[in-house]
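Colleague: This one is coords.cif, mmCIF, C-alpha atoms.
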data_start
loop_
_atom_site.label_atom_id
_atom_site.label_comp_id
_atom_site.auth_asym_id
_atom_site.auth_seq_id
_atom_site.Cartn_x
_atom_site.Cartn_y
_atom_site.Cartn_z
CA MET A 1 -30.53 97.89 73.43
CA SER A 2 -29.42 101.29 72.25
CA GLY A 3 -29.97 104.80 73.53
CA ASN A 4 -31.13 105.74 77.00
CA ALA A 5 -33.99 108.14 76.38
CA GLY A 6 -36.78 107.78 78.91
CA MET A 7 -34.71 105.69 81.30
CA THR A 8 -34.77 106.26 85.03
CA PRO A 9 -31.40 107.72 86.09
CA GLY A 10 -29.19 104.91 87.38
CA LYS A 11 -31.50 102.25 85.95
CA GLU A 12 -29.97 101.87 82.52
CA LEU A 13 -30.55 98.10 82.60
CA ALA A 14 -34.24 98.31 83.48
CA GLY A 15 -36.20 95.52 81.80
CA ARG A 16 -33.08 93.44 81.15
CA VAL A 17 -32.38 90.01 82.58
CA ALA A 18 -28.89 88.81 83.49
CA LEU A 19 -27.48 85.39 84.35
CA VAL A 20 -24.30 85.44 86.47
CA THR A 21 -22.43 82.17 86.94
CA GLY A 22 -20.26 81.80 90.02
CA GLY A 23 -22.34 84.50 91.67
CA ALA A 24 -22.09 83.33 95.27
CA ARG A 25 -19.24 85.55 96.48
CA ASN A 26 -16.44 87.96 95.66
CA ILE A 27 -16.45 89.29 92.08
CA GLY A 28 -19.52 87.25 91.08
CA ARG A 29 -21.55 88.61 93.98
CA ALA A 30 -20.43 92.18 93.24
CA ILE A 31 -21.42 91.79 89.59
CA ALA A 32 -24.86 90.42 90.44
CA ARG A 33 -25.49 93.30 92.85
CA SER A 34 -24.22 95.93 90.41
CA LEU A 35 -26.37 94.70 87.54
CA ALA A 36 -29.38 94.65 89.86
CA ALA A 37 -28.58 98.21 90.97
CA GLY A 38 -28.69 99.12 87.29
CA GLY A 39 -32.23 97.84 87.09
CA ALA A 40 -31.69 94.31 85.78
CA SER A 41 -33.31 91.17 87.11
CA VAL A 42 -30.57 88.69 87.99
CA MET A 43 -30.36 84.92 88.13
CA VAL A 44 -27.50 83.96 90.44
CA ASN A 45 -25.87 80.63 89.71
CA ALA A 46 -23.58 78.58 91.94
CA ARG A 47 -22.49 74.96 91.99
CA THR A 48 -21.83 74.22 95.67
CA SER A 49 -21.87 77.48 97.67
CA LYS A 50 -25.63 77.52 98.22
CA ALA A 51 -25.64 79.48 101.48
CA MET A 52 -23.42 82.21 100.05
CA ALA A 53 -25.48 82.36 96.86
CA GLU A 54 -28.65 82.68 98.92
CA GLU A 55 -27.03 85.57 100.76
CA THR A 56 -26.27 87.26 97.43
CA VAL A 57 -29.93 86.95 96.42
CA LYS A 58 -31.01 88.27 99.82
CA MET A 59 -28.78 91.32 99.37
CA ILE A 60 -30.47 92.09 96.04
CA GLY A 61 -34.06 91.32 96.90
CA SER A 62 -37.03 90.31 94.78
CA SER A 63 -35.35 91.12 91.47
CA ALA A 64 -32.95 88.19 91.96
CA ASP A 65 -33.26 84.44 92.19
CA LEU A 66 -30.94 81.47 92.62
CA TYR A 67 -30.45 78.35 90.53
CA MET A 68 -27.88 75.77 91.56
CA ALA A 69 -26.19 74.11 88.58
CA ASP A 70 -22.86 72.76 87.41
CA VAL A 71 -21.82 74.76 84.32
CA THR A 72 -19.80 71.80 83.02
CA ASN A 73 -22.97 69.70 82.69
CA PRO A 74 -24.89 70.42 79.45
CA ALA A 75 -28.24 69.25 80.85
CA GLN A 76 -27.84 71.38 83.98
CA VAL A 77 -26.84 74.41 81.92
CA LYS A 78 -29.95 74.04 79.76
CA ALA A 79 -32.08 73.76 82.89
CA LEU A 80 -30.38 76.86 84.34
CA VAL A 81 -31.09 78.96 81.25
CA ASP A 82 -34.64 77.64 80.92
CA ALA A 83 -35.29 78.46 84.59
CA THR A 84 -33.97 82.00 84.08
CA VAL A 85 -36.29 82.64 81.15
CA LYS A 86 -39.22 81.05 82.94
CA ARG A 87 -38.63 83.17 86.05
CA PHE A 88 -37.97 86.52 84.37
CA GLY A 89 -39.42 86.18 80.87
CA ARG A 90 -36.30 86.79 78.79
CA LEU A 91 -32.49 86.75 78.84
CA ASP A 92 -30.25 89.64 77.77
CA VAL A 93 -26.95 89.31 79.64
CA LEU A 94 -24.64 86.40 80.42
CA VAL A 95 -21.66 86.82 82.72
CA ASN A 96 -19.34 83.82 82.63
CA ASN A 97 -17.63 84.14 86.01
CA ALA A 98 -17.58 80.51 87.25
CA ALA A 99 -14.00 79.39 87.81
CA VAL A 100 -11.66 77.40 90.02
CA ARG A 101 -8.26 78.69 91.13
CA HIS A 102 -6.11 75.62 91.72
CA GLU A 103 -2.37 76.09 92.09
CA ASN A 104 0.00 73.19 91.51
CA ALA A 105 3.42 72.60 90.00
CA PHE A 106 3.06 71.54 86.38
CA SER A 107 4.71 68.20 87.07
CA SER A 108 2.12 67.49 89.76
CA ILE A 109 -1.04 68.41 87.85
CA SER A 110 -3.08 65.30 87.24
CA TYR A 111 -5.09 64.94 84.06
CA GLU A 112 -8.24 64.95 86.18
CA GLU A 113 -7.26 68.30 87.75
CA TRP A 114 -6.35 69.70 84.33
CA ARG A 115 -9.71 68.71 82.88
CA SER A 116 -11.63 69.98 85.90
CA VAL A 117 -10.15 73.47 85.63
CA LEU A 118 -10.58 73.74 81.86
CA ALA A 119 -14.10 72.33 82.04
CA THR A 120 -15.27 74.87 84.62
CA ILE A 121 -13.72 77.94 83.00
CA LEU A 122 -13.76 77.17 79.29
CA ASP A 123 -16.36 74.47 78.72
CA GLY A 124 -18.70 76.25 81.11
CA ALA A 125 -18.47 79.49 79.15
CA PHE A 126 -19.06 77.62 75.89
CA LEU A 127 -22.09 75.74 77.18
CA CYS A 128 -23.67 78.80 78.80
CA ALA A 129 -23.13 81.03 75.77
CA GLN A 130 -24.57 78.45 73.41
CA ALA A 131 -27.60 77.87 75.63
CA CYS A 132 -28.26 81.61 76.02
CA LEU A 133 -27.86 82.44 72.33
CA PRO A 134 -31.42 81.65 71.13
CA HIS A 135 -32.93 83.78 73.89
CA MET A 136 -30.63 86.74 73.20
CA ALA A 137 -31.37 86.49 69.50
CA LYS A 138 -35.10 86.47 70.27
CA ALA A 139 -34.64 89.59 72.41
CA GLY A 140 -32.98 91.36 69.49
CA GLY A 141 -29.49 91.40 70.95
CA GLY A 142 -27.57 90.96 74.16
CA THR A 143 -24.29 90.97 76.01
CA ILE A 144 -21.85 88.24 76.98
CA ILE A 145 -19.10 89.11 79.45
CA ASN A 146 -16.34 86.62 80.15
CA ILE A 147 -14.33 87.19 83.32
CA GLY A 148 -10.73 86.60 82.36
CA GLY A 149 -7.56 86.34 84.39
CA LEU A 150 -4.44 88.49 84.46
CA THR A 151 -2.18 85.44 84.48
CA GLY A 152 -3.74 84.38 81.19
CA HIS A 153 -1.99 87.39 79.64
CA ARG A 154 1.30 87.60 81.52
CA GLY A 155 1.82 84.06 82.87
CA ALA A 156 2.59 82.74 86.35
CA THR A 157 4.07 79.68 87.99
CA GLY A 158 1.98 76.80 89.26
CA ARG A 159 -1.14 77.67 87.27
CA ALA A 160 -0.69 76.09 83.84
CA HIS A 161 -4.28 74.81 83.77
CA VAL A 162 -5.86 78.08 84.94
CA ILE A 163 -3.73 80.12 82.54
CA ALA A 164 -4.54 77.85 79.60
CA ALA A 165 -8.25 78.15 80.36
CA LYS A 166 -8.23 81.93 80.84
CA ALA A 167 -6.16 82.46 77.69
CA GLY A 168 -8.65 80.30 75.84
CA LEU A 169 -11.47 82.42 77.21
CA ALA A 170 -9.83 85.55 75.77
CA GLY A 171 -9.62 83.83 72.39
CA MET A 172 -13.21 82.66 72.57
CA THR A 173 -14.26 86.25 73.28
CA LYS A 174 -12.84 87.40 69.93
CA ALA A 175 -14.37 84.48 68.06
CA LEU A 176 -17.83 84.96 69.53
CA ALA A 177 -17.69 88.73 69.00
CA LEU A 178 -17.36 88.06 65.27
CA ASP A 179 -19.80 85.15 65.15
CA LEU A 180 -22.55 86.90 67.10
CA ALA A 181 -22.21 90.47 65.85
CA PRO A 182 -24.90 89.97 63.15
CA GLN A 183 -27.34 89.16 65.97
CA HIS A 184 -26.43 92.36 67.84
CA ILE A 185 -24.74 90.46 70.65
CA THR A 186 -21.57 92.02 72.04
CA VAL A 187 -18.92 89.82 73.65
CA ASN A 188 -16.13 91.17 75.83
CA CYS A 189 -13.64 89.88 78.39
CA VAL A 190 -13.08 91.81 81.63
CA VAL A 191 -9.69 90.96 83.10
CA PRO A 192 -9.33 91.69 86.83
CA GLY A 193 -5.99 92.55 88.33
CA THR A 194 -5.14 91.81 91.96
CA ILE A 195 -8.46 91.98 93.79
CA GLU A 196 -9.33 91.87 97.47
CA SER A 197 -11.39 88.72 97.89
CA GLN A 198 -12.26 86.00 100.34
CA ARG A 199 -9.34 83.59 100.49
CA GLY A 200 -8.81 80.23 102.13
CA LEU A 201 -11.58 78.62 100.08
CA PRO A 202 -11.20 75.31 98.23
CA GLY A 203 -9.13 75.87 95.12
CA ALA A 204 -8.10 79.36 96.27
CA PRO A 205 -4.88 79.04 98.32
CA GLU A 206 -3.23 81.99 100.02
CA ARG A 207 -0.98 84.00 97.71
CA PRO A 208 2.75 83.72 98.35
CA GLU A 209 4.32 86.76 99.98
CA GLY A 210 6.10 87.67 96.75
CA ARG A 211 2.75 88.22 95.03
CA ARG A 212 1.26 90.52 97.66
CA SER A 213 2.75 93.82 96.49
CA PRO A 214 0.13 96.26 95.20
CA PRO A 215 0.01 97.54 91.61
CA PRO A 216 1.31 101.04 90.74
CA ILE A 217 -1.91 102.71 91.88
CA GLY A 218 -0.89 101.64 95.41
CA ARG A 219 -3.62 99.23 96.46
CA ARG A 220 -5.44 96.07 95.50
CA GLY A 221 -8.72 96.45 93.66
CA GLU A 222 -12.19 95.80 95.03
CA PRO A 223 -14.72 93.38 93.51
CA GLU A 224 -17.07 96.32 93.01
CA GLU A 225 -14.57 97.94 90.64
CA ILE A 226 -14.69 94.90 88.37
CA ALA A 227 -18.47 94.88 88.65
CA ALA A 228 -18.64 98.53 87.57
CA MET A 229 -16.85 97.71 84.32
CA VAL A 230 -19.15 94.75 83.68
CA ARG A 231 -22.21 96.92 84.28
CA MET A 232 -20.93 99.58 81.89
CA LEU A 233 -20.34 97.00 79.15
CA CYS A 234 -23.90 95.71 79.59
CA GLY A 235 -25.41 99.17 79.26
CA PRO A 236 -26.69 101.16 76.30
CA ASP A 237 -23.55 103.27 75.99
CA ALA A 238 -21.32 100.26 75.24
CA ARG A 239 -23.02 98.80 72.18
CA TYR A 240 -20.03 99.67 69.98
CA ILE A 241 -17.58 97.77 72.21
CA THR A 242 -17.07 94.11 71.33
CA GLY A 243 -14.27 91.58 71.06
CA GLN A 244 -12.14 93.36 73.65
CA ALA A 245 -10.10 92.22 76.64
CA ILE A 246 -10.51 95.11 79.06
CA HIS A 247 -7.98 95.16 81.89
CA VAL A 248 -8.98 96.55 85.28
CA ASN A 249 -5.81 96.30 87.33
CA GLY A 250 -4.54 99.61 88.74
CA GLY A 251 -1.69 99.66 86.27
CA GLY A 252 -0.40 96.23 87.26
CA TYR A 253 -0.34 95.12 83.61
CA MET A 254 -0.33 97.33 80.54
CA PRO A 255 -0.68 95.34 77.29
#
Give the structure from this file in structure tokens form.

Modeller:
Amino acid sequence: MSGNAGMTPGKELAGRVALVTGGARNIGRAIARSLAAGGASVMVNARTSKAMAEETVKMIGSSADLYMADVTNPAQVKALVDATVKRFGRLDVLVNNAAVRHENAFSSISYEEWRSVLATILDGAFLCAQACLPHMAKAGGGTIINIGGLTGHRGATGRAHVIAAKAGLAGMTKALALDLAPQHITVNCVVPGTIESQRGLPGAPERPEGRRSPPPIGRRGEPEEIAAMVRMLCGPDARYITGQAIHVNGGGYMP
């Protein structure tokens, strides 16, 4: 997956196959559409939001398909990956976007809630990456993109479980970048800042007024701006980028 000679302009991902978890809406939907615009075939995964996921596939067209699966379930993850390869013939890109956004005071977080959040974000990324690995190796290389979280780097109140999981995802990115480099698989973490997205969904409460101020650039980001970074990292011009946490936040956080 190097060089771009002979490629159709704007189709740098032609012939590639991507799996996007949590692809039903918001950033996940934007990523699926952006990768498809780059020429990739895309398997959209969701756990419960079937109607929204179907709408994502409809927006893309025949180069996309949908597979409902819970990324915390090893058997379902295997079935998801197998279905992707069966449908499109190979697997080159994994985007670990599935997440839950619970907010709760630390003293009120139950163990069940703690485990649910970590399982979706961290266990899900582990299971999907491990299941995709043989197929990427067979293809001669690939790309894994983990969608991180700004609070995993700077902290926040009421999100100890989400922050622990997202911080773990950043660490896993570095570990996998080293482990998988010999197989020509790059692994990076894209960290969104404050993004305009559909709110009022389960596990995604409205932000308090004190967290509504825009970053220095003067506005909140759009899901498509996160998707553009993901697409770039999946393309032929990013094969020397691995093990990085890349912040896309309008200057809201500068590590």

Colleague: Please provide as a list in words all residues within 9 Å of Thr194 of chain A, with the sequence filter that same-chain residues fewer than 3 positions apart are discarded (counting all atoms listed in the file).

Modeller: Leu150, Arg212, Pro214, Pro215, Arg219, Arg220, Gly221, Glu222, Asn249, Gly250 and Gly252 of chain A

Colleague: Taking the file as I've supplied it (selection: the PyMOL selection byres ((chain A and resi 69) around 7)), which residues are included? Please answer as a list of chain:residue names.

Modeller: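 Checking the PyMOL selection byres ((chain A and resi 69) around 7) against this file, the residues are A:Asn45, A:Ala46, A:Arg47, A:Tyr67, A:Met68, A:Asp70, A:Val71, A:Gln76, A:Val77, A:Leu80.
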
Colleague: Mind listing whatever residues come within 12 Å of the point (-34.8, 89.3, 68.3)? Use all atoms listed in the file, file coordinates, and give them as a VMD selection string.

Modeller: chain A and resid 1 90 to 92 133 to 142 182 to 185

Colleague: How many Å separate atom CA of Val187 of chain A from atom CA of Val20 of chain A?

Modeller: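 Atom CA of Val187 of chain A sits 14.6 Å away from atom CA of Val20 of chain A.
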
Colleague: Using the chain letters and numbering of this document, enumerate as a CSV table (one decimal) with C-alpha atoms, in the frame of the given file the residues selected by the PyMOL selection byres ((chain A and resi 24) around 7).

Modeller:
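Contents of selection31.csv, freshly written:
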chain,number,residue,atom,x,y,z
A,22,GLY,CA,-20.3,81.8,90.0
A,23,GLY,CA,-22.3,84.5,91.7
A,25,ARG,CA,-19.2,85.6,96.5
A,28,GLY,CA,-19.5,87.2,91.1
A,29,ARG,CA,-21.6,88.6,94.0
A,46,ALA,CA,-23.6,78.6,91.9
A,49,SER,CA,-21.9,77.5,97.7
A,52,MET,CA,-23.4,82.2,100.0
A,53,ALA,CA,-25.5,82.4,96.9
A,56,THR,CA,-26.3,87.3,97.4

Colleague: Given the PyMOL selection byres ((chain A and resi 171) around 12) and the file above, list the residues it selects as a VMD selection string.

Modeller: chain A and resid 122 125 to 126 146 148 152 to 153 164 to 170 172 to 178 187 to 189 243 to 245

Colleague: Could you state the separation of atom CA of Ala228 of chain A and atom CA of Val85 of chain A in Å, given to one decimal place?

Modeller: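 According to the coordinates, atom CA of Ala228 of chain A and atom CA of Val85 of chain A are separated by 24.6 Å.
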
Colleague: If we count only C-alpha atoms, what is near Thr72 of chain A at a cut-off of 7 Å, once residues fewer than 2 positions away on the same chain are taken out, given as JSON, numbers by chain?

Modeller: {"A": [70, 74, 119, 120, 123, 124]}

Colleague: When you draw a straight line from atom CA of Arg16 of chain A to atom CA of Pro192 of chain A, how long is it in Å?

Modeller: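 For atom CA of Arg16 of chain A relative to atom CA of Pro192 of chain A, the distance reads 24.5 Å.
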
Colleague: My list of candidates is A:Pro216, A:Arg33, A:Ala105, A:Gly235. Which is closest to Gly15 of chain A when distances are computed with only C-alpha atoms?

Modeller: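 Comparing A:Pro216, A:Arg33, A:Ala105, A:Gly235 against Gly15 of chain A, the winner is A:Gly235.
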
Colleague: Closest to Asn26 of chain A among A:Asn97, A:Thr151, A:Ser110, A:Thr157, using only C-alpha atoms?

Modeller: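 Distance minimum relative to Asn26 of chain A lands on A:Asn97.
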